[in-house]
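Right, one structure below, let's go through it.
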Amino acid sequence: MEKKDGFVSARVEKILALHTTHTPNFLGLYQNMGFWQESNYGKGVIIGLLDTGINPGHPSFSDDNMPPPPKKWKGKCEFTGNITCNKKLIGARNFVSGSTDPPYEEGGHGTLTSSVAAGNFVDDANVFGNANGTAAGIAPLAHIAMYKVCSNVGCSDVDTLAAIDAAIDDGVDLLSLSIGGYNAPFYDDGMAIGAFSAIQKGIFMSASAGNDGPLSATLSNEAPWILTVGASTHDRKIVATAVLGNGQEYDGESVLQPTDFPHDILFPLVYPGLLDQKAALCSSGSLNSTDVKGKVVVCDKSGGSIARLEKGQTVKDAGGVAMILINLEIDGDGTLAYVDVLPTTNVGYNAGEMIKAYINSTSTPLARILFKGTKMGFKSAPSVISFSSRGPSLASPGIVKPDIIGPGVNILAATHVSVENKTGTDLTFNIVSGTSISCPHLSGIAALLKSAHPDWSPAAIKSAMMTTADQSNLEGQPILDHRNQPADVFATGSGHINPLKACNPGLIYDIQPHNYIQYLCGLGYTDKEIGLVVQQTGNCSLQVSIPEAELNYPSFSIILGPQTQNYTRTVTNVGDASSTYVVNITRIQGVYIVVEPTTLVFTKVNQQATYSVSFSQTGGITGRSVQGAISWISNKYVVRSPVSVKLE
């Protein structure tokens with residue numbers, strides 16, 4: 001093929017993986033007031049989603065109160081029949097290779113993500129009566145365009161890249177991709193290549209960080225021109241409490257809250273793993289020789305191929321009356337709300353250890369599950385859930401990734417098939433978790449920012465989100481991880497999204513496409529490899545090559561040896577015309593940081609200022625990573641950049 005005229009490149013096709021009623025309020029978005037009203041609910045903005053298709057008849061995609069699509073829109077609708085596109089769902093196309101079917105939902109994922117990003121207002125949304133309220137996407141008046149790139153065998157990166165190109169031509173303003181699954185240099189990463197084409201046209205792109213945490217360096221979608229989104233909790237839980245015979249109670253979660261389950265009867269409690277370690281996971285057939293009839297059965301969660309529903313079905317088939325599903329140690333104490341086939345609660349690892357200790361302490365262990373329904377106001381939120389993929393970035397260690405975290409745990413979202421066996425026109429929603437769900441939250445917020453600031457570049461929108469992100473939970477304490485320890489920068493990135501502050505960030509760090517080319521040259525890519533990314537001839541001999549940490553990024557990731565390193569950043573004033581900012585440096589153990597100048601003075605909007613930062617070792621500490629922050633503070637704004645330093 002290389003010998004053919006017109007040949008550019010070839011690479012092996014890769015199959016990628018698929019990575020609400022309350023979260024708008026949790027994020028400070030309320031109807032008829034504040035940022036939601038100021039941004040006009042994302043009116044006129046077009047969000048393109050690449051996913052498994054969509055259910056066009058779901059009420060989340062009603063076009064009530066929707067304006068017509070912008071005149072620039074050139075997209076297509078491939079649905080046939082009476083239920084088709086409208087002023088909300090303005091385009092739908094199928095890019096799955098070999099398929100000529102309309103882009104109807106296949107698996108539920110695309111309907112979920114679309115509803116979270118930009119679903120319309122739907123009253124009385126709930127699952128089994130839980131999480132009841134008015135469901136809405138983050139940008140409820142934004143338009144949706146669905147590009148189906150995934151089938152039941154996965155998502156081809158070739159199909160994904162083709163869909164991105166089409167979405168650019170169709171006229172989308174933003175792209176939201178809750179897919180990914182492998183680490184590769186950017187010239188061999190279809191998502192990175194497609195995203196670069198998008199940002200060259202002023203199109204913002206957010207993507208899920210991946211669900212392979214909490215192990216380090218497990219990220220997807222790492223390119224600096226992509227907003228890489230991790231998952232966090234919010235302050236609502238659907239509580240199911242394990243009550244033991246000794247009076248101890250351990251809160252867990254469950255979507256299924258049966259009203260006919262006897263709350264006042266203590267049943268025998270059994271942990272099959274005490275006798276047979278294989279039975280600890282409650283895999284199919286593993287309880288055949290264990291007496292669990294009429295008992296509450298403790299099962300260990302598993303990260304492998306044993307599905308949660310398989311565990312519940314195994315317990316039910318063996319005669320168990322209920323299941324307590326216990327996190328593995330790696331999962332920590334973050335719990336997930338599930339729909340199961342029998343009464344169940346998912347409890348954290350530490351609670352599970354106490355339950356197992358109780359079973360060992362008595363010859364007649366007893367338990368019941370008390371279903372308490374939807375509860376609000378959990379002050380430990382937001383926290384980072386265990387599955388959210390962690391940094392550092394392997395493709396570019398000089399860029400902090402993920403960029404940011406947002407709600408991605410126990411989110412009520414639209415689905416194409418009822419988990420309650422509803423039929424006809426009944427509302428169909430489910431409770432779901434994943435960075436797949438946190439990503440469209442951020443996509444929706446980007447749509448609001450685009451509506452409020454139509455002249456902002458993709459990098460400016462990204463900077464506004466990152467530099468204003470929250471560092472604390474609702475108790476005012478540092479954001480915690482799944483172990484109840486302060487979460488590090490490779491879990492949170494810049495922090496938890498704060499839409500209200502992002503709309504008015506004070507200063508932004510802007511980046512133009514040619515700056516990314518300089519950065520790619522600094523990565524040591526060949527001209528040919530750079531050409532594959534930027535879709536034009538690359539020539540580093542004609543560019544000013546810059547190291548990774550010199551990219552005008554809203555964060556710093558430094559690999560620091562004995563030599564002092566110096567970098568610069570340029571900020572643009574988008575706040576008050578007359579303003580003064582003073583630097584504040586969070587002290588980092590083992591690192592000496594100098595910022596010059598220490599004061600930035602602005603006299604007009606869009607004025608720029610440049611500062612330099614030097615990093616040097618103070619001695620005595622090597623072989624570890626440390627973190628802190630550099631903030632610019634005025635009487636109105638705090639513009640924060642996280643700093644990660646690996647001491648060598």
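By order in the structure tokens, chains are A, B, ...; within a chain, residues start at 1; ligands start at 1, following the order shown.
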
Strand (DSSP E) call set, DSSP backbone run, range 170-241 of chain A, as a JSON list (two decimals) with N, CA, C and O atoms, in the first residue's frame:
```
[["chain", "number", "residue", "atom", "x", "y", "z"],
["A", 174, "LEU", "N", -19.47, 21.29, 20.02],
["A", 174, "LEU", "CA", -18.74, 20.50, 20.99],
["A", 174, "LEU", "C", -18.85, 19.03, 20.63],
["A", 174, "LEU", "O", -19.84, 18.61, 20.02],
["A", 175, "LEU", "N", -17.86, 18.26, 21.06],
["A", 175, "LEU", "CA", -17.90, 16.81, 20.91],
["A", 175, "LEU", "C", -17.74, 16.17, 22.28],
["A", 175, "LEU", "O", -16.90, 16.60, 23.09],
["A", 176, "SER", "N", -18.55, 15.15, 22.54],
["A", 176, "SER", "CA", -18.51, 14.43, 23.81],
["A", 176, "SER", "C", -18.32, 12.95, 23.51],
["A", 176, "SER", "O", -19.17, 12.34, 22.85],
["A", 177, "LEU", "N", -17.22, 12.39, 23.99],
["A", 177, "LEU", "CA", -16.89, 10.99, 23.69],
["A", 177, "LEU", "C", -16.65, 10.22, 24.99],
["A", 177, "LEU", "O", -15.63, 10.42, 25.64],
["A", 179, "ILE", "N", -15.89, 7.15, 25.30],
["A", 179, "ILE", "CA", -15.27, 5.90, 24.85],
["A", 179, "ILE", "C", -13.76, 6.07, 24.88],
["A", 179, "ILE", "O", -13.24, 7.17, 24.93],
["A", 180, "GLY", "N", -13.06, 4.98, 24.86],
["A", 180, "GLY", "CA", -11.60, 4.98, 24.90],
["A", 180, "GLY", "C", -11.13, 3.60, 25.27],
["A", 180, "GLY", "O", -11.88, 2.63, 25.16],
["A", 204, "PHE", "N", -14.76, 22.28, 20.81],
["A", 204, "PHE", "CA", -14.31, 21.74, 22.10],
["A", 204, "PHE", "C", -14.60, 20.24, 22.16],
["A", 204, "PHE", "O", -15.63, 19.78, 21.67],
["A", 205, "MET", "N", -13.70, 19.49, 22.80],
["A", 205, "MET", "CA", -13.93, 18.04, 22.94],
["A", 205, "MET", "C", -13.60, 17.58, 24.35],
["A", 205, "MET", "O", -12.53, 17.86, 24.88],
["A", 206, "SER", "N", -14.57, 16.90, 24.96],
["A", 206, "SER", "CA", -14.34, 16.26, 26.26],
["A", 206, "SER", "C", -14.45, 14.76, 26.09],
["A", 206, "SER", "O", -15.17, 14.27, 25.22],
["A", 207, "ALA", "N", -13.72, 14.02, 26.93],
["A", 207, "ALA", "CA", -13.71, 12.56, 26.83],
["A", 207, "ALA", "C", -13.51, 11.96, 28.21],
["A", 207, "ALA", "O", -12.90, 12.57, 29.10],
["A", 208, "SER", "N", -14.02, 10.76, 28.39],
["A", 208, "SER", "CA", -13.91, 10.08, 29.68],
["A", 208, "SER", "C", -12.48, 9.62, 29.93],
["A", 208, "SER", "O", -11.77, 9.19, 29.02],
["A", 227, "LEU", "N", -10.34, 17.60, 26.96],
["A", 227, "LEU", "CA", -10.63, 17.66, 28.38],
["A", 227, "LEU", "C", -10.86, 16.24, 28.87],
["A", 227, "LEU", "O", -11.83, 15.59, 28.49],
["A", 228, "THR", "N", -9.97, 15.75, 29.73],
["A", 228, "THR", "CA", -10.02, 14.37, 30.22],
["A", 228, "THR", "C", -10.71, 14.37, 31.58],
["A", 228, "THR", "O", -10.23, 14.99, 32.53],
["A", 229, "VAL", "N", -11.83, 13.64, 31.70],
["A", 229, "VAL", "CA", -12.74, 13.79, 32.83],
["A", 229, "VAL", "C", -12.78, 12.52, 33.68],
["A", 229, "VAL", "O", -13.10, 11.44, 33.19],
["A", 230, "GLY", "N", -12.48, 12.68, 34.97],
["A", 230, "GLY", "CA", -12.63, 11.60, 35.94],
["A", 230, "GLY", "C", -13.99, 11.68, 36.63],
["A", 230, "GLY", "O", -14.77, 12.62, 36.43],
["A", 231, "ALA", "N", -14.28, 10.68, 37.48],
["A", 231, "ALA", "CA", -15.61, 10.55, 38.09],
["A", 231, "ALA", "C", -15.58, 10.79, 39.59],
["A", 231, "ALA", "O", -14.68, 10.31, 40.30],
["A", 232, "SER", "N", -16.60, 11.50, 40.07],
["A", 232, "SER", "CA", -16.74, 11.79, 41.49],
["A", 232, "SER", "C", -18.16, 11.49, 41.95],
["A", 232, "SER", "O", -19.07, 11.30, 41.15],
["A", 236, "ARG", "N", -26.21, 12.64, 47.04],
["A", 236, "ARG", "CA", -27.43, 11.84, 47.16],
["A", 236, "ARG", "C", -27.07, 10.36, 47.16],
["A", 236, "ARG", "O", -26.24, 9.92, 46.37],
["A", 237, "LYS", "N", -27.72, 9.61, 48.04],
["A", 237, "LYS", "CA", -27.55, 8.16, 48.06],
["A", 237, "LYS", "C", -28.92, 7.50, 48.19],
["A", 237, "LYS", "O", -29.85, 8.08, 48.75],
["A", 238, "ILE", "N", -29.02, 6.29, 47.64],
["A", 238, "ILE", "CA", -30.23, 5.48, 47.81],
["A", 238, "ILE", "C", -29.85, 4.39, 48.81],
["A", 238, "ILE", "O", -29.23, 3.39, 48.46],
["A", 239, "VAL", "N", -30.19, 4.62, 50.05],
["A", 239, "VAL", "CA", -29.58, 3.92, 51.17],
["A", 239, "VAL", "C", -30.25, 2.59, 51.45],
["A", 239, "VAL", "O", -31.48, 2.47, 51.48],
["A", 240, "ALA", "N", -29.41, 1.58, 51.67],
["A", 240, "ALA", "CA", -29.85, 0.26, 52.14],
["A", 240, "ALA", "C", -28.88, -0.15, 53.23],
["A", 240, "ALA", "O", -27.68, -0.32, 52.97],
["A", 241, "THR", "N", -29.36, -0.29, 54.45],
["A", 241, "THR", "CA", -28.49, -0.49, 55.61],
["A", 241, "THR", "C", -28.48, -1.95, 56.04],
["A", 241, "THR", "O", -29.54, -2.56, 56.23]]
```

Would you kindly return, as a PDB file with all heavy atoms, in the first residue's frame, each protein, DNA or RNA residue with an atom no farther than 7 Å from any atom of Ile83 in chain A, considering only C-alpha atoms and excluding same-chain residues fewer than 2 positions away?
```pdb
ATOM      1  N   PRO A  56     -34.782   7.862  20.002  1.00  0.00           N
ATOM      2  CA  PRO A  56     -35.326   9.184  19.680  1.00  0.00           C
ATOM      3  C   PRO A  56     -36.667   9.472  20.327  1.00  0.00           C
ATOM      4  O   PRO A  56     -37.058  10.631  20.455  1.00  0.00           O
ATOM      5  CB  PRO A  56     -35.434   9.163  18.156  1.00  0.00           C
ATOM      6  CG  PRO A  56     -35.598   7.726  17.805  1.00  0.00           C
ATOM      7  CD  PRO A  56     -34.755   6.978  18.805  1.00  0.00           C
ATOM      8  N   GLY A  57     -37.383   8.428  20.751  1.00  0.00           N
ATOM      9  CA  GLY A  57     -38.701   8.632  21.323  1.00  0.00           C
ATOM     10  C   GLY A  57     -38.707   8.896  22.808  1.00  0.00           C
ATOM     11  O   GLY A  57     -39.767   9.116  23.401  1.00  0.00           O
ATOM     12  N   GLY A  81     -39.581   6.410   9.809  1.00  0.00           N
ATOM     13  CA  GLY A  81     -40.810   6.176  10.551  1.00  0.00           C
ATOM     14  C   GLY A  81     -41.311   7.438  11.230  1.00  0.00           C
ATOM     15  O   GLY A  81     -40.852   8.552  10.969  1.00  0.00           O
TER      16      GLY A  81
END
```

Report summary line: Of A:Leu49, A:Ala413, A:Ile508, A:Ile621, the one nearest to Val638 in chain A when counting only C-alpha atoms is A:Ile508

Sort by chain and increasing residue number a table of all residues of range 421-526 of chain A within 10 Å of range 546-550 of chain A, each with its closest pair of atoms and their distance in Å to one decimal, counting only C-alpha atoms, and write it as a tab-separated table.
```
residue	atom	partner	partner_atom	distance
A:Asn515	CA	A:Ile546	CA	8.7
A:Tyr516	CA	A:Ile546	CA	9.3
A:Ile517	CA	A:Ile546	CA	9.2
A:Gln518	CA	A:Ile546	CA	5.6
A:Tyr519	CA	A:Ile546	CA	5.3
A:Leu520	CA	A:Ile546	CA	8.2
A:Cys521	CA	A:Ile546	CA	7.1
A:Gly522	CA	A:Pro547	CA	4.9
A:Leu523	CA	A:Glu548	CA	7.0
A:Gly524	CA	A:Pro547	CA	9.5
```

Keeping all heavy atoms, export the residues of the selection given above as a PDB file, in the first residue's frame.
```pdb
ATOM      1  N   ASN A 515       0.578  26.134  18.826  1.00  0.00           N
ATOM      2  CA  ASN A 515       1.301  25.859  20.067  1.00  0.00           C
ATOM      3  C   ASN A 515       1.382  24.356  20.334  1.00  0.00           C
ATOM      4  O   ASN A 515       2.393  23.858  20.857  1.00  0.00           O
ATOM      5  CB  ASN A 515       0.627  26.542  21.252  1.00  0.00           C
ATOM      6  CG  ASN A 515       0.533  28.039  21.118  1.00  0.00           C
ATOM      7  OD1 ASN A 515      -0.522  28.620  21.311  1.00  0.00           O
ATOM      8  ND2 ASN A 515       1.638  28.690  20.773  1.00  0.00           N
ATOM      9  N   TYR A 516       0.327  23.631  19.974  1.00  0.00           N
ATOM     10  CA  TYR A 516       0.340  22.184  20.144  1.00  0.00           C
ATOM     11  C   TYR A 516       1.357  21.536  19.201  1.00  0.00           C
ATOM     12  O   TYR A 516       1.984  20.522  19.553  1.00  0.00           O
ATOM     13  CB  TYR A 516      -1.047  21.599  19.889  1.00  0.00           C
ATOM     14  CG  TYR A 516      -2.087  21.969  20.917  1.00  0.00           C
ATOM     15  CD1 TYR A 516      -3.222  22.698  20.558  1.00  0.00           C
ATOM     16  CD2 TYR A 516      -1.953  21.580  22.249  1.00  0.00           C
ATOM     17  CE1 TYR A 516      -4.196  23.021  21.490  1.00  0.00           C
ATOM     18  CE2 TYR A 516      -2.922  21.914  23.190  1.00  0.00           C
ATOM     19  CZ  TYR A 516      -4.043  22.633  22.801  1.00  0.00           C
ATOM     20  OH  TYR A 516      -4.997  22.964  23.733  1.00  0.00           O
ATOM     21  N   ILE A 517       1.534  22.098  18.024  1.00  0.00           N
ATOM     22  CA  ILE A 517       2.541  21.558  17.097  1.00  0.00           C
ATOM     23  C   ILE A 517       3.936  21.739  17.690  1.00  0.00           C
ATOM     24  O   ILE A 517       4.774  20.823  17.638  1.00  0.00           O
ATOM     25  CB  ILE A 517       2.419  22.236  15.722  1.00  0.00           C
ATOM     26  CG1 ILE A 517       1.046  21.930  15.105  1.00  0.00           C
ATOM     27  CG2 ILE A 517       3.531  21.750  14.786  1.00  0.00           C
ATOM     28  CD1 ILE A 517       0.781  22.645  13.792  1.00  0.00           C
ATOM     29  N   GLN A 518       4.206  22.892  18.299  1.00  0.00           N
ATOM     30  CA  GLN A 518       5.485  23.108  18.979  1.00  0.00           C
ATOM     31  C   GLN A 518       5.685  22.078  20.091  1.00  0.00           C
ATOM     32  O   GLN A 518       6.789  21.553  20.284  1.00  0.00           O
ATOM     33  CB  GLN A 518       5.528  24.528  19.559  1.00  0.00           C
ATOM     34  CG  GLN A 518       5.488  25.631  18.528  1.00  0.00           C
ATOM     35  CD  GLN A 518       5.322  27.006  19.160  1.00  0.00           C
ATOM     36  OE1 GLN A 518       4.714  27.148  20.222  1.00  0.00           O
ATOM     37  NE2 GLN A 518       5.871  28.024  18.502  1.00  0.00           N
ATOM     38  N   TYR A 519       4.611  21.805  20.811  1.00  0.00           N
ATOM     39  CA  TYR A 519       4.636  20.805  21.891  1.00  0.00           C
ATOM     40  C   TYR A 519       4.923  19.408  21.339  1.00  0.00           C
ATOM     41  O   TYR A 519       5.725  18.648  21.917  1.00  0.00           O
ATOM     42  CB  TYR A 519       3.303  20.872  22.628  1.00  0.00           C
ATOM     43  CG  TYR A 519       2.839  19.627  23.318  1.00  0.00           C
ATOM     44  CD1 TYR A 519       3.272  19.297  24.598  1.00  0.00           C
ATOM     45  CD2 TYR A 519       1.930  18.768  22.687  1.00  0.00           C
ATOM     46  CE1 TYR A 519       2.814  18.153  25.232  1.00  0.00           C
ATOM     47  CE2 TYR A 519       1.461  17.634  23.313  1.00  0.00           C
ATOM     48  CZ  TYR A 519       1.903  17.325  24.588  1.00  0.00           C
ATOM     49  OH  TYR A 519       1.454  16.189  25.217  1.00  0.00           O
ATOM     50  N   LEU A 520       4.292  19.050  20.217  1.00  0.00           N
ATOM     51  CA  LEU A 520       4.529  17.734  19.612  1.00  0.00           C
ATOM     52  C   LEU A 520       5.972  17.597  19.151  1.00  0.00           C
ATOM     53  O   LEU A 520       6.567  16.519  19.263  1.00  0.00           O
ATOM     54  CB  LEU A 520       3.558  17.519  18.449  1.00  0.00           C
ATOM     55  CG  LEU A 520       2.078  17.368  18.818  1.00  0.00           C
ATOM     56  CD1 LEU A 520       1.208  17.401  17.562  1.00  0.00           C
ATOM     57  CD2 LEU A 520       1.835  16.073  19.601  1.00  0.00           C
ATOM     58  N   CYS A 521       6.530  18.678  18.632  1.00  0.00           N
ATOM     59  CA  CYS A 521       7.957  18.655  18.277  1.00  0.00           C
ATOM     60  C   CYS A 521       8.795  18.377  19.522  1.00  0.00           C
ATOM     61  O   CYS A 521       9.762  17.613  19.480  1.00  0.00           O
ATOM     62  CB  CYS A 521       8.375  19.979  17.643  1.00  0.00           C
ATOM     63  SG  CYS A 521       7.704  20.275  15.984  1.00  0.00           S
ATOM     64  N   GLY A 522       8.406  18.975  20.655  1.00  0.00           N
ATOM     65  CA  GLY A 522       9.133  18.760  21.904  1.00  0.00           C
ATOM     66  C   GLY A 522       9.031  17.344  22.432  1.00  0.00           C
ATOM     67  O   GLY A 522       9.894  16.893  23.194  1.00  0.00           O
ATOM     68  N   LEU A 523       7.974  16.641  22.033  1.00  0.00           N
ATOM     69  CA  LEU A 523       7.850  15.230  22.431  1.00  0.00           C
ATOM     70  C   LEU A 523       8.812  14.333  21.668  1.00  0.00           C
ATOM     71  O   LEU A 523       8.933  13.143  21.984  1.00  0.00           O
ATOM     72  CB  LEU A 523       6.415  14.741  22.191  1.00  0.00           C
ATOM     73  CG  LEU A 523       5.326  15.206  23.164  1.00  0.00           C
ATOM     74  CD1 LEU A 523       3.969  14.655  22.745  1.00  0.00           C
ATOM     75  CD2 LEU A 523       5.643  14.781  24.591  1.00  0.00           C
ATOM     76  N   GLY A 524       9.463  14.889  20.648  1.00  0.00           N
ATOM     77  CA  GLY A 524      10.405  14.099  19.856  1.00  0.00           C
ATOM     78  C   GLY A 524       9.770  13.357  18.706  1.00  0.00           C
ATOM     79  O   GLY A 524      10.395  12.465  18.123  1.00  0.00           O
TER      80      GLY A 524
END
```

**Report entry** Selection near Ala469 in chain A, 7 Å with only C-alpha atoms, sequence-local residues under 2 positions removed, as a list of chain:residue names
**Finding:** A:Met465, A:Met466, A:Thr467, A:Gln471, A:Ser494, A:Gly495, A:His496, A:Ile497, A:Asn498

Deliver the residues from the most recent selection as a file, using C-alpha atoms, as an mmCIF file, in the first residue's frame.
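Contents of the output file result23.cif:
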```cif
data_model
loop_
_atom_site.group_PDB
_atom_site.id
_atom_site.type_symbol
_atom_site.label_atom_id
_atom_site.label_comp_id
_atom_site.auth_asym_id
_atom_site.auth_seq_id
_atom_site.Cartn_x
_atom_site.Cartn_y
_atom_site.Cartn_z
ATOM 1 C CA MET A 465 -13.145 24.962 34.113
ATOM 2 C CA MET A 466 -9.768 23.884 35.452
ATOM 3 C CA THR A 467 -8.556 27.046 37.205
ATOM 4 C CA GLN A 471 -10.604 21.527 46.129
ATOM 5 C CA SER A 494 -7.403 20.395 38.825
ATOM 6 C CA GLY A 495 -10.303 19.485 41.125
ATOM 7 C CA HIS A 496 -14.094 19.210 40.994
ATOM 8 C CA ILE A 497 -15.988 21.249 38.409
ATOM 9 C CA ASN A 498 -17.666 24.440 39.645
#
```

Query raised in the report: Do you know which residues are at most 9 Å from Ser457 in chain A counting only C-alpha atoms, after dropping those on the same chain fewer than 3 positions away, and could you put them as a ChimeraX atom specification?
Result: /A:199,202-204,450,454,460-462,510-512

Determine, using only C-alpha atoms, which residues of range 53-121 of chain A have any atom at most 8 Å from an atom of range 145-159 of chain A, and tabulate each with its shortest atom pair and distance in Å to one decimal place, rows ordered by chain and then rising number, as CSV.
```
residue,atom,partner,partner_atom,distance
A:Gly53,CA,A:Lys148,CA,4.6
A:Ile54,CA,A:Met146,CA,6.9
A:Leu89,CA,A:Ala145,CA,6.0
A:Ile90,CA,A:Ala145,CA,5.7
A:Gly91,CA,A:Ala145,CA,4.5
A:Ala92,CA,A:Met146,CA,4.6
A:Arg93,CA,A:Tyr147,CA,5.0
A:Asn94,CA,A:Lys148,CA,4.7
A:Phe95,CA,A:Val149,CA,5.2
A:Val96,CA,A:Val149,CA,5.0
A:Ser97,CA,A:Asp159,CA,6.6
A:Pro103,CA,A:Lys148,CA,5.8
A:Glu106,CA,A:Ser151,CA,6.4
A:Gly107,CA,A:Asn152,CA,7.1
A:Gly110,CA,A:Met146,CA,7.9
```

Go ahead and save the residues from that selection, with N, CA and C atoms, as a tab-separated table (two decimals), in the first residue's frame.
```tsv
chain	number	residue	atom	x	y	z
A	53	GLY	N	-25.67	4.99	19.68
A	53	GLY	CA	-26.95	5.34	19.11
A	53	GLY	C	-27.83	5.99	20.15
A	54	ILE	N	-29.11	6.16	19.83
A	54	ILE	CA	-30.00	6.89	20.73
A	54	ILE	C	-31.44	6.43	20.52
A	89	LEU	N	-33.20	16.69	19.17
A	89	LEU	CA	-32.31	15.73	18.51
A	89	LEU	C	-32.28	16.10	17.02
A	90	ILE	N	-31.29	16.91	16.65
A	90	ILE	CA	-31.32	17.49	15.30
A	90	ILE	C	-30.56	16.67	14.27
A	91	GLY	N	-29.85	15.64	14.71
A	91	GLY	CA	-29.13	14.79	13.77
A	91	GLY	C	-28.83	13.45	14.37
A	92	ALA	N	-28.79	12.41	13.53
A	92	ALA	CA	-28.47	11.07	13.99
A	92	ALA	C	-27.96	10.26	12.80
A	93	ARG	N	-26.73	9.76	12.92
A	93	ARG	CA	-26.12	9.03	11.80
A	93	ARG	C	-25.42	7.78	12.32
A	94	ASN	N	-25.34	6.78	11.47
A	94	ASN	CA	-24.72	5.51	11.82
A	94	ASN	C	-23.40	5.37	11.08
A	95	PHE	N	-22.31	5.24	11.84
A	95	PHE	CA	-20.98	5.07	11.25
A	95	PHE	C	-20.38	3.70	11.53
A	96	VAL	N	-21.17	2.78	12.07
A	96	VAL	CA	-20.66	1.44	12.35
A	96	VAL	C	-20.39	0.73	11.03
A	97	SER	N	-19.17	0.29	10.83
A	97	SER	CA	-18.78	-0.34	9.57
A	97	SER	C	-19.65	-1.55	9.27
A	103	PRO	N	-29.61	4.72	13.24
A	103	PRO	CA	-28.77	4.77	14.44
A	103	PRO	C	-29.55	4.61	15.74
A	106	GLU	N	-28.27	0.84	20.80
A	106	GLU	CA	-27.82	-0.55	20.90
A	106	GLU	C	-27.02	-0.69	22.18
A	107	GLY	N	-27.72	-0.98	23.26
A	107	GLY	CA	-27.03	-1.17	24.53
A	107	GLY	C	-27.39	-0.16	25.60
A	110	GLY	N	-25.59	5.35	24.68
A	110	GLY	CA	-25.73	6.64	24.02
A	110	GLY	C	-26.93	7.44	24.50
```

Report summary line: Closest of A:Val347, A:His441, A:Ser380, A:Leu256 to Asn126 in chain A, counting only C-alpha atoms, is A:Leu256

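Straight-line separation from CA of Arg569 in chain A to CA of Cys439 in chain A: 27.3 Å.
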
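Minimum atom-to-atom distances from A:Thr233, A:Ser438, A:Gln277, A:Gln313 to Val341 in chain A were compared using only C-alpha atoms, and the lowest value belongs to A:Gln313.
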
Query raised in the report: For Gln563 in chain A, which residue among A:Asn65, A:Ser386, A:Thr526, A:Ser616 is the nearest when counting only C-alpha atoms?
Result: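 Using only C-alpha atoms, the shortest distance to Gln563 in chain A belongs to A:Ser616.
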
Report summary line: Restricting to only C-alpha atoms, whichever of A:Gly406, A:Met376, A:Ala459, A:Asn183 is closest to Ile437 in chain A is A:Gly406

Requested in this report: Based on DSSP run over this structure's backbone, return all residues of range 119-352 of chain A in alpha helix (DSSP H), as a PyMOL selection string.
Outcome: chain A and resi 157-170+190-200+308-317+349-352

Requested in this report: For His482 in chain A, list every protein, DNA or RNA residue within 10 Å, evaluated using only C-alpha atoms, and leave out those in the same chain fewer than 6 positions away; present the list as JSON, numbers by chain.
Outcome: {"A": [214, 232, 329, 330, 331, 332, 333, 334, 335, 348, 349, 383, 384, 385, 386, 387, 388]}

Query - Between CA of Tyr637 in chain A and CA of Asn504 in chain A - distance in Å to one decimal - result: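 Rounded to one decimal, the two atoms are 8.6 Å apart.
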
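Rounded to one decimal, CA of Thr344 in chain A and CA of Gln257 in chain A lie 8.6 Å from each other.
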
Query raised in the report: Near range 137-144 of chain A, counting only C-alpha atoms, which residues have an atom at most 9 Å away, once you skip same-chain residues fewer than 6 positions from it, shown as number ranges by chain?
Result: A: 20-21, 23-24, 29, 36, 40-49, 60-61, 63, 65-69, 87-92, 114-121, 172, 413, 440-448

Requested in this report: May I ask which of the residues A:Ala367, A:Glu475, A:Ser545, A:Gly561 is the closest one to Glu648 in chain A, counting only C-alpha atoms?
Outcome: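 Of all the options, A:Gly561 lies closest to Glu648 in chain A.
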
**Report entry** Distance query Leu342 in chain A at most 10 Å, only C-alpha atoms, self and fewer than 6 positions along chain excluded, as a PyMOL selection string
**Finding:** chain A and resi 256-258+261+309+312-313+315-316+320-323
